[in-house]
Structures are given as structure tokens and as C-alpha cells.
file query04.txt (compact mmCIF, C-alpha atoms and all ligand atoms)
# COMPACT_ATOMS: atom_id res chain seq x y z
CA MET Y 1 -26.33 -16.88 -4.02
CA ALA Y 2 -23.95 -14.36 -5.52
CA ARG Y 3 -25.03 -11.01 -6.83
CA ILE Y 4 -24.83 -11.13 -10.63
CA LEU Y 5 -22.87 -8.22 -12.04
CA ASP Y 6 -24.68 -7.52 -15.31
CA GLY Y 7 -22.18 -6.17 -17.85
CA LYS Y 8 -24.89 -5.05 -20.23
CA VAL Y 9 -26.50 -2.85 -17.59
CA ILE Y 10 -23.15 -1.40 -16.51
CA ALA Y 11 -22.08 -0.82 -20.13
CA ALA Y 12 -25.37 0.99 -20.76
CA ALA Y 13 -24.60 3.33 -17.86
CA VAL Y 14 -21.11 3.99 -19.23
CA LYS Y 15 -22.62 4.70 -22.64
CA GLN Y 16 -25.10 7.14 -21.20
CA ASP Y 17 -22.31 9.13 -19.51
CA LEU Y 18 -20.26 9.01 -22.69
CA ALA Y 19 -23.09 10.24 -24.90
CA MET Y 20 -23.27 13.39 -22.76
CA GLU Y 21 -19.53 13.87 -22.92
CA ILE Y 22 -19.51 13.43 -26.69
CA ALA Y 23 -22.29 16.02 -27.06
CA GLN Y 24 -20.22 18.47 -24.99
CA LEU Y 25 -17.15 17.79 -27.13
CA ARG Y 26 -19.16 18.43 -30.25
CA GLU Y 27 -19.95 21.89 -28.92
CA LYS Y 28 -16.20 22.44 -28.85
CA GLU Y 29 -16.07 21.12 -32.41
CA VAL Y 30 -14.26 17.95 -31.40
CA GLN Y 31 -15.45 14.84 -33.27
CA PRO Y 32 -13.59 11.82 -31.86
CA LYS Y 33 -12.54 9.26 -34.45
CA LEU Y 34 -11.47 5.64 -33.99
CA VAL Y 35 -9.74 3.54 -36.65
CA VAL Y 36 -9.70 -0.24 -36.32
CA VAL Y 37 -7.19 -2.19 -38.39
CA LEU Y 38 -8.42 -5.71 -39.06
CA VAL Y 39 -6.09 -8.21 -40.72
CA GLY Y 40 -7.46 -11.44 -42.19
CA ASP Y 41 -10.90 -12.98 -41.97
CA ASP Y 42 -11.06 -14.62 -38.54
CA ALA Y 43 -14.77 -14.90 -37.74
CA ALA Y 44 -14.46 -14.00 -34.04
CA SER Y 45 -12.32 -10.92 -34.79
CA ALA Y 46 -14.77 -9.79 -37.46
CA SER Y 47 -17.66 -10.12 -35.03
CA TYR Y 48 -15.84 -8.15 -32.28
CA VAL Y 49 -15.03 -5.42 -34.78
CA ARG Y 50 -18.69 -5.26 -35.84
CA SER Y 51 -19.78 -4.74 -32.24
CA LYS Y 52 -17.20 -1.95 -31.91
CA GLU Y 53 -18.55 -0.27 -35.07
CA ARG Y 54 -22.12 -0.65 -33.83
CA MET Y 55 -21.44 0.94 -30.45
CA ALA Y 56 -19.46 3.79 -32.04
CA ARG Y 57 -22.38 4.54 -34.33
CA GLU Y 58 -24.84 4.49 -31.42
CA LEU Y 59 -22.70 7.05 -29.60
CA GLY Y 60 -22.00 9.36 -32.52
CA LEU Y 61 -18.32 8.50 -32.63
CA GLU Y 62 -16.71 8.28 -36.02
CA ALA Y 63 -15.30 4.80 -36.66
CA GLU Y 64 -13.50 3.43 -39.68
CA VAL Y 65 -12.39 -0.15 -40.24
CA ILE Y 66 -9.38 -0.79 -42.44
CA LYS Y 67 -9.52 -4.36 -43.68
CA LEU Y 68 -6.32 -5.97 -44.89
CA SER Y 69 -5.92 -9.45 -46.31
CA ALA Y 70 -4.41 -12.24 -44.20
CA ASP Y 71 -1.29 -12.29 -46.37
CA VAL Y 72 -0.58 -8.55 -46.09
CA SER Y 73 3.13 -7.84 -45.58
CA GLU Y 74 4.38 -6.43 -42.31
CA SER Y 75 5.63 -3.34 -44.13
CA GLU Y 76 2.25 -2.69 -45.78
CA LEU Y 77 0.50 -3.07 -42.41
CA MET Y 78 3.00 -0.64 -40.90
CA ARG Y 79 2.41 1.80 -43.74
CA GLN Y 80 -1.33 1.73 -43.05
CA ILE Y 81 -0.74 2.39 -39.36
CA GLU Y 82 1.62 5.25 -40.13
CA LEU Y 83 -1.03 6.83 -42.38
CA GLN Y 84 -3.40 6.83 -39.39
CA ASN Y 85 -0.69 8.18 -37.09
CA ALA Y 86 -0.19 11.09 -39.49
CA ASP Y 87 -3.90 11.81 -40.00
CA ASP Y 88 -4.86 14.60 -37.63
CA SER Y 89 -8.57 13.69 -37.78
CA VAL Y 90 -7.79 10.28 -36.19
CA ASP Y 91 -7.69 10.13 -32.38
CA ALA Y 92 -7.45 6.40 -31.73
CA VAL Y 93 -5.90 3.45 -33.57
CA LEU Y 94 -6.63 -0.17 -32.66
CA VAL Y 95 -4.92 -3.14 -34.32
CA GLN Y 96 -7.22 -6.10 -33.78
CA LEU Y 97 -5.37 -9.13 -32.32
CA PRO Y 98 -4.39 -11.82 -33.01
CA LEU Y 99 -2.36 -10.97 -36.11
CA PRO Y 100 -1.32 -13.67 -38.60
CA GLU Y 101 1.79 -15.72 -37.72
CA HIS Y 102 4.09 -14.05 -40.24
CA ILE Y 103 3.65 -10.66 -38.57
CA ASP Y 104 5.65 -9.57 -35.52
CA THR Y 105 2.92 -8.35 -33.17
CA ASP Y 106 5.29 -6.52 -30.79
CA TRP Y 107 6.82 -4.60 -33.66
CA VAL Y 108 3.44 -3.62 -35.09
CA LEU Y 109 2.06 -2.47 -31.74
CA MET Y 110 5.15 -0.31 -31.25
CA GLY Y 111 4.31 1.36 -34.56
CA VAL Y 112 1.08 2.90 -33.21
CA ASP Y 113 1.52 6.54 -32.14
CA PRO Y 114 1.50 6.30 -28.30
CA THR Y 115 -0.90 9.25 -28.09
CA LYS Y 116 -3.39 7.32 -30.30
CA ASP Y 117 -2.82 3.95 -28.61
CA VAL Y 118 -6.41 3.30 -27.54
CA ASP Y 119 -5.65 -0.29 -26.43
CA GLY Y 120 -2.82 0.85 -24.16
CA PHE Y 121 -0.51 -1.82 -25.61
CA HIS Y 122 2.40 0.44 -26.62
CA PRO Y 123 5.51 0.03 -24.41
CA GLN Y 124 5.32 3.74 -23.62
CA ASN Y 125 1.84 3.29 -22.19
CA ILE Y 126 2.88 0.11 -20.36
CA GLY Y 127 5.72 2.14 -18.87
CA ARG Y 128 3.21 4.76 -17.79
CA TYR Y 129 0.99 2.26 -16.07
CA ALA Y 130 4.02 0.73 -14.37
CA ILE Y 131 4.16 4.09 -12.56
CA GLY Y 132 0.39 4.14 -12.13
CA SER Y 133 -0.65 6.81 -14.64
CA PRO Y 134 -1.30 5.51 -18.15
CA LEU Y 135 -3.01 7.66 -20.81
CA VAL Y 136 -5.54 4.83 -20.91
CA TRP Y 137 -5.81 1.41 -19.30
CA PRO Y 138 -6.34 -1.45 -21.77
CA CYS Y 139 -10.08 -1.73 -22.48
CA THR Y 140 -10.81 -5.00 -20.67
CA THR Y 141 -8.84 -3.91 -17.60
CA ALA Y 142 -10.62 -0.55 -17.57
CA GLY Y 143 -13.91 -2.43 -17.86
CA ILE Y 144 -13.08 -4.57 -14.85
CA LEU Y 145 -12.45 -1.44 -12.76
CA GLU Y 146 -15.72 0.03 -14.00
CA ILE Y 147 -17.55 -3.13 -12.86
CA LEU Y 148 -15.89 -3.11 -9.43
CA GLU Y 149 -16.61 0.59 -8.93
CA ARG Y 150 -20.21 0.47 -10.08
CA ALA Y 151 -20.76 -2.61 -7.87
CA ASN Y 152 -19.30 -0.69 -4.91
CA ALA Y 153 -16.74 -3.44 -4.39
CA PRO Y 154 -13.76 -2.12 -2.41
CA VAL Y 155 -10.31 -2.70 -3.93
CA ALA Y 156 -7.80 -1.06 -1.57
CA GLY Y 157 -6.47 -3.54 0.96
CA GLN Y 158 -8.29 -6.48 -0.65
CA THR Y 159 -6.44 -9.59 -1.71
CA ALA Y 160 -6.74 -9.78 -5.49
CA VAL Y 161 -5.70 -12.84 -7.48
CA VAL Y 162 -5.38 -12.61 -11.26
CA VAL Y 163 -5.16 -15.82 -13.27
CA GLY Y 164 -3.35 -14.97 -16.53
CA ARG Y 165 -0.60 -12.53 -17.44
CA SER Y 166 -1.24 -11.60 -21.07
CA ARG Y 167 -0.57 -8.17 -22.50
CA ILE Y 168 -4.29 -7.80 -23.32
CA VAL Y 169 -5.79 -8.70 -19.95
CA GLY Y 170 -3.88 -10.41 -17.14
CA TRP Y 171 -0.82 -8.22 -16.83
CA PRO Y 172 -2.50 -4.78 -17.02
CA THR Y 173 -5.31 -5.95 -14.73
CA ALA Y 174 -2.85 -6.98 -12.02
CA GLN Y 175 -1.10 -3.61 -12.42
CA LEU Y 176 -4.39 -1.72 -12.18
CA LEU Y 177 -5.42 -3.55 -9.01
CA LEU Y 178 -1.99 -2.86 -7.52
CA ALA Y 179 -2.27 0.82 -8.47
CA HIS Y 180 -5.57 0.80 -6.57
CA ASN Y 181 -3.82 -0.64 -3.51
CA ALA Y 182 -4.99 -4.25 -3.62
CA THR Y 183 -2.53 -6.94 -2.55
CA VAL Y 184 -2.00 -8.74 -5.84
CA VAL Y 185 -0.99 -12.27 -6.77
CA GLN Y 186 -0.54 -13.07 -10.44
CA CYS Y 187 -0.90 -16.69 -11.52
CA HIS Y 188 -0.02 -18.41 -14.80
CA ARG Y 189 0.49 -21.87 -16.24
CA GLN Y 190 3.51 -22.62 -14.09
CA THR Y 191 1.84 -21.59 -10.85
CA ARG Y 192 1.95 -24.63 -8.58
CA ASN Y 193 -1.26 -25.31 -6.71
CA LEU Y 194 -3.39 -22.62 -8.33
CA ALA Y 195 -6.32 -23.24 -5.98
CA GLU Y 196 -4.20 -22.40 -2.94
CA PHE Y 197 -3.95 -18.86 -4.30
CA THR Y 198 -7.41 -18.44 -5.80
CA ARG Y 199 -9.02 -19.52 -2.51
CA GLN Y 200 -7.45 -16.52 -0.79
CA ALA Y 201 -8.86 -13.99 -3.20
CA ASP Y 202 -11.35 -11.35 -2.12
CA ILE Y 203 -11.30 -10.33 -5.80
CA LEU Y 204 -10.64 -13.13 -8.28
CA VAL Y 205 -10.05 -12.21 -11.92
CA VAL Y 206 -9.80 -15.17 -14.29
CA ALA Y 207 -8.38 -14.58 -17.79
CA ALA Y 208 -6.88 -17.89 -18.85
CA GLY Y 209 -9.03 -19.06 -21.75
CA GLN Y 210 -9.75 -22.43 -20.11
CA ALA Y 211 -13.40 -23.38 -19.69
CA GLY Y 212 -14.17 -24.74 -16.22
CA LEU Y 213 -10.77 -23.79 -14.76
CA ILE Y 214 -12.28 -22.33 -11.59
CA ARG Y 215 -14.88 -24.28 -9.61
CA ALA Y 216 -16.63 -23.59 -6.30
CA ASP Y 217 -13.86 -25.31 -4.29
CA ASP Y 218 -11.33 -22.86 -5.73
CA VAL Y 219 -13.19 -19.77 -4.52
CA LYS Y 220 -13.47 -18.14 -1.10
CA ALA Y 221 -17.04 -17.70 0.15
CA GLY Y 222 -18.25 -14.17 -0.58
CA ALA Y 223 -15.50 -13.35 -3.12
CA VAL Y 224 -16.04 -11.04 -6.10
CA VAL Y 225 -15.38 -13.20 -9.17
CA ILE Y 226 -14.66 -11.54 -12.51
CA ASP Y 227 -14.71 -14.05 -15.37
CA VAL Y 228 -12.92 -12.70 -18.45
CA GLY Y 229 -12.67 -15.98 -20.36
CA ILE Y 230 -14.54 -16.47 -23.62
CA ASN Y 231 -14.64 -20.11 -24.68
CA ARG Y 232 -16.85 -21.79 -27.22
CA VAL Y 233 -18.03 -25.15 -25.87
CA ASP Y 234 -20.59 -27.18 -27.83
CA GLY Y 235 -21.62 -24.06 -29.70
CA HIS Y 236 -22.14 -22.00 -26.51
CA LEU Y 237 -20.02 -19.23 -25.03
CA VAL Y 238 -18.76 -19.97 -21.54
CA GLY Y 239 -16.20 -18.31 -19.31
CA ASP Y 240 -13.27 -19.79 -17.37
CA VAL Y 241 -15.39 -20.06 -14.24
CA ASP Y 242 -17.91 -22.84 -13.67
CA PHE Y 243 -20.75 -20.37 -13.24
CA ASP Y 244 -23.42 -22.74 -11.88
CA SER Y 245 -21.33 -23.91 -8.93
CA VAL Y 246 -19.44 -20.69 -8.20
CA VAL Y 247 -22.60 -18.57 -8.19
CA GLN Y 248 -23.68 -20.52 -5.09
CA LYS Y 249 -20.56 -19.54 -3.15
CA ALA Y 250 -19.25 -16.20 -4.41
CA GLY Y 251 -20.50 -12.82 -3.18
CA ALA Y 252 -20.70 -11.42 -6.70
CA ILE Y 253 -19.93 -12.79 -10.16
CA THR Y 254 -19.86 -11.67 -13.79
CA PRO Y 255 -21.64 -13.96 -16.27
CA VAL Y 256 -20.35 -14.98 -19.71
CA PRO Y 257 -21.67 -13.72 -22.05
CA GLY Y 258 -22.96 -10.41 -20.72
CA GLY Y 259 -20.23 -9.67 -18.17
CA VAL Y 260 -16.81 -8.24 -18.98
CA GLY Y 261 -17.24 -8.40 -22.79
CA PRO Y 262 -19.78 -5.57 -23.16
CA LEU Y 263 -17.60 -3.41 -20.91
CA THR Y 264 -14.54 -4.02 -23.09
CA VAL Y 265 -16.34 -2.50 -26.05
CA ALA Y 266 -17.76 0.40 -23.99
CA MET Y 267 -14.31 1.21 -22.57
CA LEU Y 268 -12.87 1.29 -26.08
CA MET Y 269 -15.29 4.13 -26.75
CA LYS Y 270 -14.40 5.81 -23.46
CA ASN Y 271 -10.68 5.51 -24.21
CA THR Y 272 -11.26 6.98 -27.69
CA VAL Y 273 -13.01 9.99 -26.19
CA ARG Y 274 -10.28 10.40 -23.61
CA LEU Y 275 -7.52 10.34 -26.24
CA ALA Y 276 -9.47 12.83 -28.37
CA ARG Y 277 -9.83 15.13 -25.39
CA ILE Y 278 -6.16 14.88 -24.44
CA ARG Y 279 -4.84 15.29 -27.98
CA ARG Y 280 -7.13 18.12 -28.99
CA LEU Y 281 -7.82 20.05 -25.82
CA THR Y 282 -4.71 19.63 -23.66
CA LYS Y 283 -1.46 21.48 -24.14
CA GLU Y 284 1.55 19.29 -24.96
CA ASP Y 285 3.27 19.98 -21.63
CA GLU Y 286 0.18 19.05 -19.60
CA ARG Y 287 -0.14 15.51 -21.00
N1 LIG Y 301 -14.28 -10.49 -22.19
C1 LIG Y 301 -13.37 -9.79 -22.85
O1 LIG Y 301 -13.55 -8.62 -23.07
C2 LIG Y 301 -12.12 -10.43 -23.29
C3 LIG Y 301 -11.98 -11.78 -23.15
N2 LIG Y 301 -10.81 -12.40 -23.49
C4 LIG Y 301 -10.75 -13.84 -23.20
O2 LIG Y 301 -9.98 -14.01 -22.02
C5 LIG Y 301 -9.21 -15.20 -22.08
C6 LIG Y 301 -7.74 -14.84 -21.93
O3 LIG Y 301 -7.34 -14.03 -23.00
P1 LIG Y 301 -5.80 -13.62 -23.23
O4 LIG Y 301 -5.27 -13.04 -21.99
O5 LIG Y 301 -5.77 -12.87 -24.47
O6 LIG Y 301 -5.19 -15.11 -23.46
P2 LIG Y 301 -3.70 -15.62 -23.54
O7 LIG Y 301 -3.79 -17.00 -24.06
O8 LIG Y 301 -2.84 -14.62 -24.19
O9 LIG Y 301 -3.23 -15.69 -22.01
C7 LIG Y 301 -3.74 -16.64 -21.12
C8 LIG Y 301 -3.03 -16.51 -19.79
O10 LIG Y 301 -3.62 -17.44 -18.89
C9 LIG Y 301 -2.61 -18.28 -18.35
N3 LIG Y 301 -3.17 -19.63 -18.21
C10 LIG Y 301 -3.68 -20.43 -19.19
N4 LIG Y 301 -4.09 -21.60 -18.67
C11 LIG Y 301 -3.82 -21.55 -17.35
C12 LIG Y 301 -4.01 -22.48 -16.30
N5 LIG Y 301 -4.53 -23.68 -16.50
N6 LIG Y 301 -3.62 -22.10 -15.06
C13 LIG Y 301 -3.10 -20.89 -14.84
N7 LIG Y 301 -2.89 -19.96 -15.81
C14 LIG Y 301 -3.26 -20.30 -17.06
C15 LIG Y 301 -1.46 -18.25 -19.33
O11 LIG Y 301 -0.26 -18.53 -18.63
P3 LIG Y 301 1.21 -18.47 -19.31
O12 LIG Y 301 1.53 -17.02 -19.41
O13 LIG Y 301 2.08 -19.19 -18.36
O14 LIG Y 301 1.05 -19.12 -20.65
C16 LIG Y 301 -1.55 -16.82 -19.85
O15 LIG Y 301 -0.84 -15.92 -19.02
C17 LIG Y 301 -9.58 -15.82 -23.41
O16 LIG Y 301 -10.63 -16.74 -23.19
C18 LIG Y 301 -10.04 -14.65 -24.24
O17 LIG Y 301 -10.95 -15.05 -25.26
C19 LIG Y 301 -9.73 -11.69 -23.94
C20 LIG Y 301 -9.83 -10.33 -24.11
C21 LIG Y 301 -11.03 -9.59 -23.82
N1 LIG Y 302 -6.43 -4.98 -30.17
C1 LIG Y 302 -7.32 -5.73 -29.52
N2 LIG Y 302 -7.99 -5.20 -28.47
C2 LIG Y 302 -8.92 -5.95 -27.79
O1 LIG Y 302 -9.53 -5.46 -26.81
C3 LIG Y 302 -9.19 -7.29 -28.23
C4 LIG Y 302 -8.45 -7.77 -29.32
N3 LIG Y 302 -7.53 -6.99 -29.93
N4 LIG Y 302 -8.63 -9.04 -29.74
C5 LIG Y 302 -9.61 -9.93 -29.14
C6 LIG Y 302 -9.92 -9.57 -27.71
C7 LIG Y 302 -11.25 -10.09 -27.26
N5 LIG Y 302 -12.08 -8.93 -27.04
C8 LIG Y 302 -13.44 -8.97 -26.75
C9 LIG Y 302 -14.27 -7.90 -26.95
C10 LIG Y 302 -15.63 -7.99 -26.76
C11 LIG Y 302 -16.21 -9.16 -26.32
C12 LIG Y 302 -17.69 -9.24 -26.16
O2 LIG Y 302 -18.41 -8.31 -26.47
N6 LIG Y 302 -18.25 -10.37 -25.66
C13 LIG Y 302 -19.66 -10.60 -25.51
C14 LIG Y 302 -20.16 -11.74 -26.34
C15 LIG Y 302 -19.66 -11.75 -27.75
C16 LIG Y 302 -20.28 -12.85 -28.60
O3 LIG Y 302 -21.48 -13.11 -28.48
O4 LIG Y 302 -19.50 -13.44 -29.40
C17 LIG Y 302 -19.97 -10.98 -24.06
O5 LIG Y 302 -19.03 -11.45 -23.38
O6 LIG Y 302 -21.09 -10.79 -23.66
C18 LIG Y 302 -15.39 -10.23 -26.09
C19 LIG Y 302 -14.01 -10.14 -26.29
C20 LIG Y 302 -11.35 -7.81 -27.27
N7 LIG Y 302 -10.10 -8.11 -27.62
call {"tool": "encode", "arguments": {"input": "query04.txt", "output": "C-alpha cells"}}
result
Amino acid sequence: MARILDGKVIAAAVKQDLAMEIAQLREKEVQPKLVVVLVGDDAASASYVRSKERMARELGLEAEVIKLSADVSESELMRQIELQNADDSVDAVLVQLPLPEHIDTDWVLMGVDPTKDVDGFHPQNIGRYAIGSPLVWPCTTAGILEILERANAPVAGQTAVVVGRSRIVGWPTAQLLLAHNATVVQCHRQTRNLAEFTRQADILVVAAGQAGLIRADDVKAGAVVIDVGINRVDGHLVGDVDFDSVVQKAGAITPVPGGVGPLTVAMLMKNTVRLARIRRLTKEDER
């Protein structure tokens, strides 16, 4: 039976460390502030944003949510982002995805000041992580590293397979594992014979959004399996990994819910604090 990597417990440990750091920053009169821009009334997005607000409040971080209607124009959305860019009290700006169809997501994400880009989605940050040193790693990716580290799972020299290559999860996660000296294979929809690759993974990260994509036969015995997927099936949340069968074979596994998700929110807070620290306490030429 695999060890179950409990995201809630790990997130609580991250929060504890952060609370101390925030108290120290307050002594230096730094009050980190996060702004979340939420467009439209998608129920899942609204619920994620609520959990972000809740955790910020618990930690004593300032958080503001700017709600815009689903039919907001691209230029009005940009104007709102630029207001946050210009506001010196704001350290971190997050534009909740997905955005409505009529809005060019790439263009909007490029509008966020790279020094306030708490998601790490700006091309400047992507360029930085291509050379291994981003200001921040995207929250989910950072959360995956936190899980691996706190579980004492080695990364260097391991074979890591990432299923998915999205800007939010798959791509940055493969880059992070590579930066930590894993041997990385990145799979996607056009990968032929997916199982041939996943079966070789010492670390298997699955971020495809397909319930039941990975079953016990697709996993190497003893592997560390990180299930990022969030799928609603018959009213329940399930991951991309068939937990009940894979738990019998893997060495360690994250559950859904209660695995990567809680870490994503915790790392958003950690990234906010980091950006606040860099922007307010570091000289321009040291960044
Ligand atoms: N727990 C958390 O904190 C978070 C969870 N999520 C969840 O993670 C999942 C992925 O999210 P996201 O990356 O945004 O999703 P996207 O839909 O943007 O990307 C999915 C990726 O998976 C690949 N893929 C899809 N199906 C298959 C398949 N059958 N075989 C191989 N590759 C496949 C796609 O390939 P291709 O590029 O070829 O299309 C694509 O690269 C979702 O369930 C989402 O809800 C997302 C963010 C945070
Ligand atoms: N700009 C931007 N940045 C993001 O990081 C971002 C985004 N947009 N859009 C959507 C995805 C998804 N995402 C999740 C966050 C928390 C949970 C989470 O807390 N999940 C809980 C369960 C949640 C529930 O019960 O619904 C869990 O897995 O235990 C999941 C998914 C962040 N994303």
C-alpha cells in the first residue's frame, strides 16, 4: 500500500512557516497584499477564489477580489489590471482562469506587471524559469515540489513523467523537475502509447483533466504519483488517477481532494509573500 501524501497536512505546515514570516515582515512594516481579478460567474472559479480569500485572511495577508462581469471588454479588464500594476500597496496580481472566450488570455496575462505576477504566467517569468530561476514558480508546480520535499522523495536523477503541458500546470512542472535534475518526459494528447512512458516513471505527475486516465497497470511499482486532476464525476471530485487501484501499487500517492489542491492555495500565499519581500526589501539591481 502506498503512503498517502496528505495535502492538507503539508499545506498546514507551509501555512505555519508563512505565518511566522508574515509576522516578521510586519515588524518591518511590510503588509503583503494580493489582488485577485475574477471575470464572470463560473461556480468553480468563484469557489477557488473564496478559498484563496479565506486562507489569506487566516494568515493576515491583505486580499482583495475585483469582480468583473462576464461581458467585460478586454480593454476594461486591462485597465483594471493596470490600476493594480500602478498601485504601490499591491504586491501580487492574479487573473483567475479561464477567462471568457472573447478575451485574449495571452494578451491579458502579458499585461500583469512581471514583478507582481504571482501565478508566474508572464512570458518574462516563463523565460526566467527556462533558465531555472523564476521569481516564483506557478502555484501548483511550487506545491508539487513542496509535497516531494516534505515527503523526502528524491528528485535528482529520478525519471519523472508529466502528463499534460498546460501553461498552468504541465509545462512549468516539467521545467521545475528538470531544473531539479530529474530526467523528464512530457506527454500530451498526441503521445503514442502513453503507458509505455508512465510505467517508467519514478515520479509520475498527472495533469490532464481526464478521470481514470492512469490505472495500476500504467504505474511502476513503488512510484511517487502526484495526481493534479480535478474532475467532477457523479457529483464527486476525483483526480486523473484511479486511486483505489494505484494506491495498491505506488510507493506514495496524493489523493483528490486533499492532495495538490490545498498546496496550490498555500503556495499562492507563499508566492505573494515572496513578491512582497522582493519588491519592498530588495534593491532593483539584486532582483
Ligand atoms: N489541484 C490543483 O491545484 C489544480 C488542478 N487542476 C486540474 O488539473 C487538470 C489539468 O489542468 P490544466 O493543465 O489546466 O488543463 P488543460 O486542459 O489546459 O491541459 C491538459 C493537458 O493534458 C493533456 N491531455 C489531456 N488528455 C490527455 C490524454 N488522454 N493523454 C495525454 N495527455 C492528455 C493535454 O494535451 P494537449 O496539450 O495535447 O491538448 C494538455 O496538455 C484539470 O483537471 C484541472 O482541473 C488545474 C490547476 C490546479
Ligand atoms: N490564475 C489562475 N491560477 C490558478 O492557480 C488557477 C486558476 N487560475 N484557475 C483554476 C485553476 C485550478 N486551481 C485550483 C486551486 C485549488 C484547488 C483546491 O483547493 N482543491 C481542493 C478541493 C476543492 C473543492 O472542494 O472544490 C482539493 O483538491 O482538495 C483546486 C484547483 C487553481 N487554478
call {"tool": "residues_near_ligand", "arguments": {"input": "query04.txt", "ligand": "ligand LIG 301 (chain Y)", "cutoff": "7 Å", "atoms": "only C-alpha atoms and all ligand atoms", "output": "ChimeraX atom specification"}}
result
/Y:140,163-170,187-191,194,207-210,213,228-231,239,260-264
call {"tool": "residues_around", "arguments": {"input": "query04.txt", "residues": "Y:Arg199", "least_positions_apart": "4", "cutoff": "10 Å", "atoms": "all atoms listed in the file", "output": "list in words"}}
result
Val161, Leu194, Ala195, Leu204, Ala216, Asp217, Asp218, Val219, Lys220, Ala221 and Ala223 of chain Y
call {"tool": "atom_distance", "arguments": {"input": "query04.txt", "atom1": "atom CA of Y:Val136", "atom2": "atom CA of Y:Val112"}}
result
14.1 Å
call {"tool": "residues_around", "arguments": {"input": "query04.txt", "residues": "Y:Lys15", "least_positions_apart": "5", "cutoff": "10 Å", "atoms": "all atoms listed in the file", "output": "list in words"}}
result
Val9, Ile10, Met20, Glu21, Met55, Ala56, Glu58, Leu59, Leu263, Ala266, Met267, Met269 and Lys270 of chain Y
call {"tool": "residues_near_ligand", "arguments": {"input": "query04.txt", "ligand": "ligand LIG 302 (chain Y)", "cutoff": "8 Å", "atoms": "all atoms listed in the file", "output": "PyMOL selection string"}}
result
chain Y and resi 7-8+44-45+47-48+51+94-98+119+138-140+168+228+230+237+255-265+268
call {"tool": "write_last_selection", "arguments": {"input": "query04.txt", "atoms": "C-alpha atoms", "output": "PDB file, keeping the file's coordinate frame"}}
result
ATOM      1  CA  GLY Y   7     -22.180  -6.170 -17.850  1.00  0.00           C
ATOM      2  CA  LYS Y   8     -24.890  -5.050 -20.230  1.00  0.00           C
ATOM      3  CA  ALA Y  44     -14.460 -14.000 -34.040  1.00  0.00           C
ATOM      4  CA  SER Y  45     -12.320 -10.920 -34.790  1.00  0.00           C
ATOM      5  CA  SER Y  47     -17.660 -10.120 -35.030  1.00  0.00           C
ATOM      6  CA  TYR Y  48     -15.840  -8.150 -32.280  1.00  0.00           C
ATOM      7  CA  SER Y  51     -19.780  -4.740 -32.240  1.00  0.00           C
ATOM      8  CA  LEU Y  94      -6.630  -0.170 -32.660  1.00  0.00           C
ATOM      9  CA  VAL Y  95      -4.920  -3.140 -34.320  1.00  0.00           C
ATOM     10  CA  GLN Y  96      -7.220  -6.100 -33.780  1.00  0.00           C
ATOM     11  CA  LEU Y  97      -5.370  -9.130 -32.320  1.00  0.00           C
ATOM     12  CA  PRO Y  98      -4.390 -11.820 -33.010  1.00  0.00           C
ATOM     13  CA  ASP Y 119      -5.650  -0.290 -26.430  1.00  0.00           C
ATOM     14  CA  PRO Y 138      -6.340  -1.450 -21.770  1.00  0.00           C
ATOM     15  CA  CYS Y 139     -10.080  -1.730 -22.480  1.00  0.00           C
ATOM     16  CA  THR Y 140     -10.810  -5.000 -20.670  1.00  0.00           C
ATOM     17  CA  ILE Y 168      -4.290  -7.800 -23.320  1.00  0.00           C
ATOM     18  CA  VAL Y 228     -12.920 -12.700 -18.450  1.00  0.00           C
ATOM     19  CA  ILE Y 230     -14.540 -16.470 -23.620  1.00  0.00           C
ATOM     20  CA  LEU Y 237     -20.020 -19.230 -25.030  1.00  0.00           C
ATOM     21  CA  PRO Y 255     -21.640 -13.960 -16.270  1.00  0.00           C
ATOM     22  CA  VAL Y 256     -20.350 -14.980 -19.710  1.00  0.00           C
ATOM     23  CA  PRO Y 257     -21.670 -13.720 -22.050  1.00  0.00           C
ATOM     24  CA  GLY Y 258     -22.960 -10.410 -20.720  1.00  0.00           C
ATOM     25  CA  GLY Y 259     -20.230  -9.670 -18.170  1.00  0.00           C
ATOM     26  CA  VAL Y 260     -16.810  -8.240 -18.980  1.00  0.00           C
ATOM     27  CA  GLY Y 261     -17.240  -8.400 -22.790  1.00  0.00           C
ATOM     28  CA  PRO Y 262     -19.780  -5.570 -23.160  1.00  0.00           C
ATOM     29  CA  LEU Y 263     -17.600  -3.410 -20.910  1.00  0.00           C
ATOM     30  CA  THR Y 264     -14.540  -4.020 -23.090  1.00  0.00           C
ATOM     31  CA  VAL Y 265     -16.340  -2.500 -26.050  1.00  0.00           C
ATOM     32  CA  LEU Y 268     -12.870   1.290 -26.080  1.00  0.00           C
TER      33      LEU Y 268
END
call {"tool": "residues_around", "arguments": {"input": "query04.txt", "residues": "Y:Thr272", "least_positions_apart": "5", "cutoff": "8 Å", "atoms": "all atoms listed in the file", "output": "list in words"}}
result
Pro32, Lys33, Leu34, Asp91, Ala92 and Val118 of chain Y
call {"tool": "closest_residue", "arguments": {"input": "query04.txt", "among": "Y:Val108, Y:Ala86, Y:Val247, Y:Leu61", "to": "Y:Glu74", "atoms": "all atoms listed in the file"}}
result
Y:Val108
call {"tool": "closest_residue", "arguments": {"input": "query04.txt", "among": "Y:Gly235, Y:Gly212, Y:Gly222, Y:Gly127", "to": "Y:Gly251", "atoms": "all atoms listed in the file"}}
result
Y:Gly222
call {"tool": "atom_distance", "arguments": {"input": "query04.txt", "atom1": "atom CA of Y:Ala63", "atom2": "atom CA of Y:Val238"}}
result
29.2 Å
call {"tool": "atom_distance", "arguments": {"input": "query04.txt", "atom1": "atom CA of Y:Asp17", "atom2": "atom CA of Y:Ala151"}}
result
16.6 Å
call {"tool": "residues_near_point", "arguments": {"input": "query04.txt", "point": "(-4.4, -2.5, -11.6)", "cutoff": "10 Å", "atoms": "only C-alpha atoms", "output": "MDAnalysis selection string"}}
result
chainID Y and resid 129:130 132 137 141:142 144:145 155 160 170:182 184
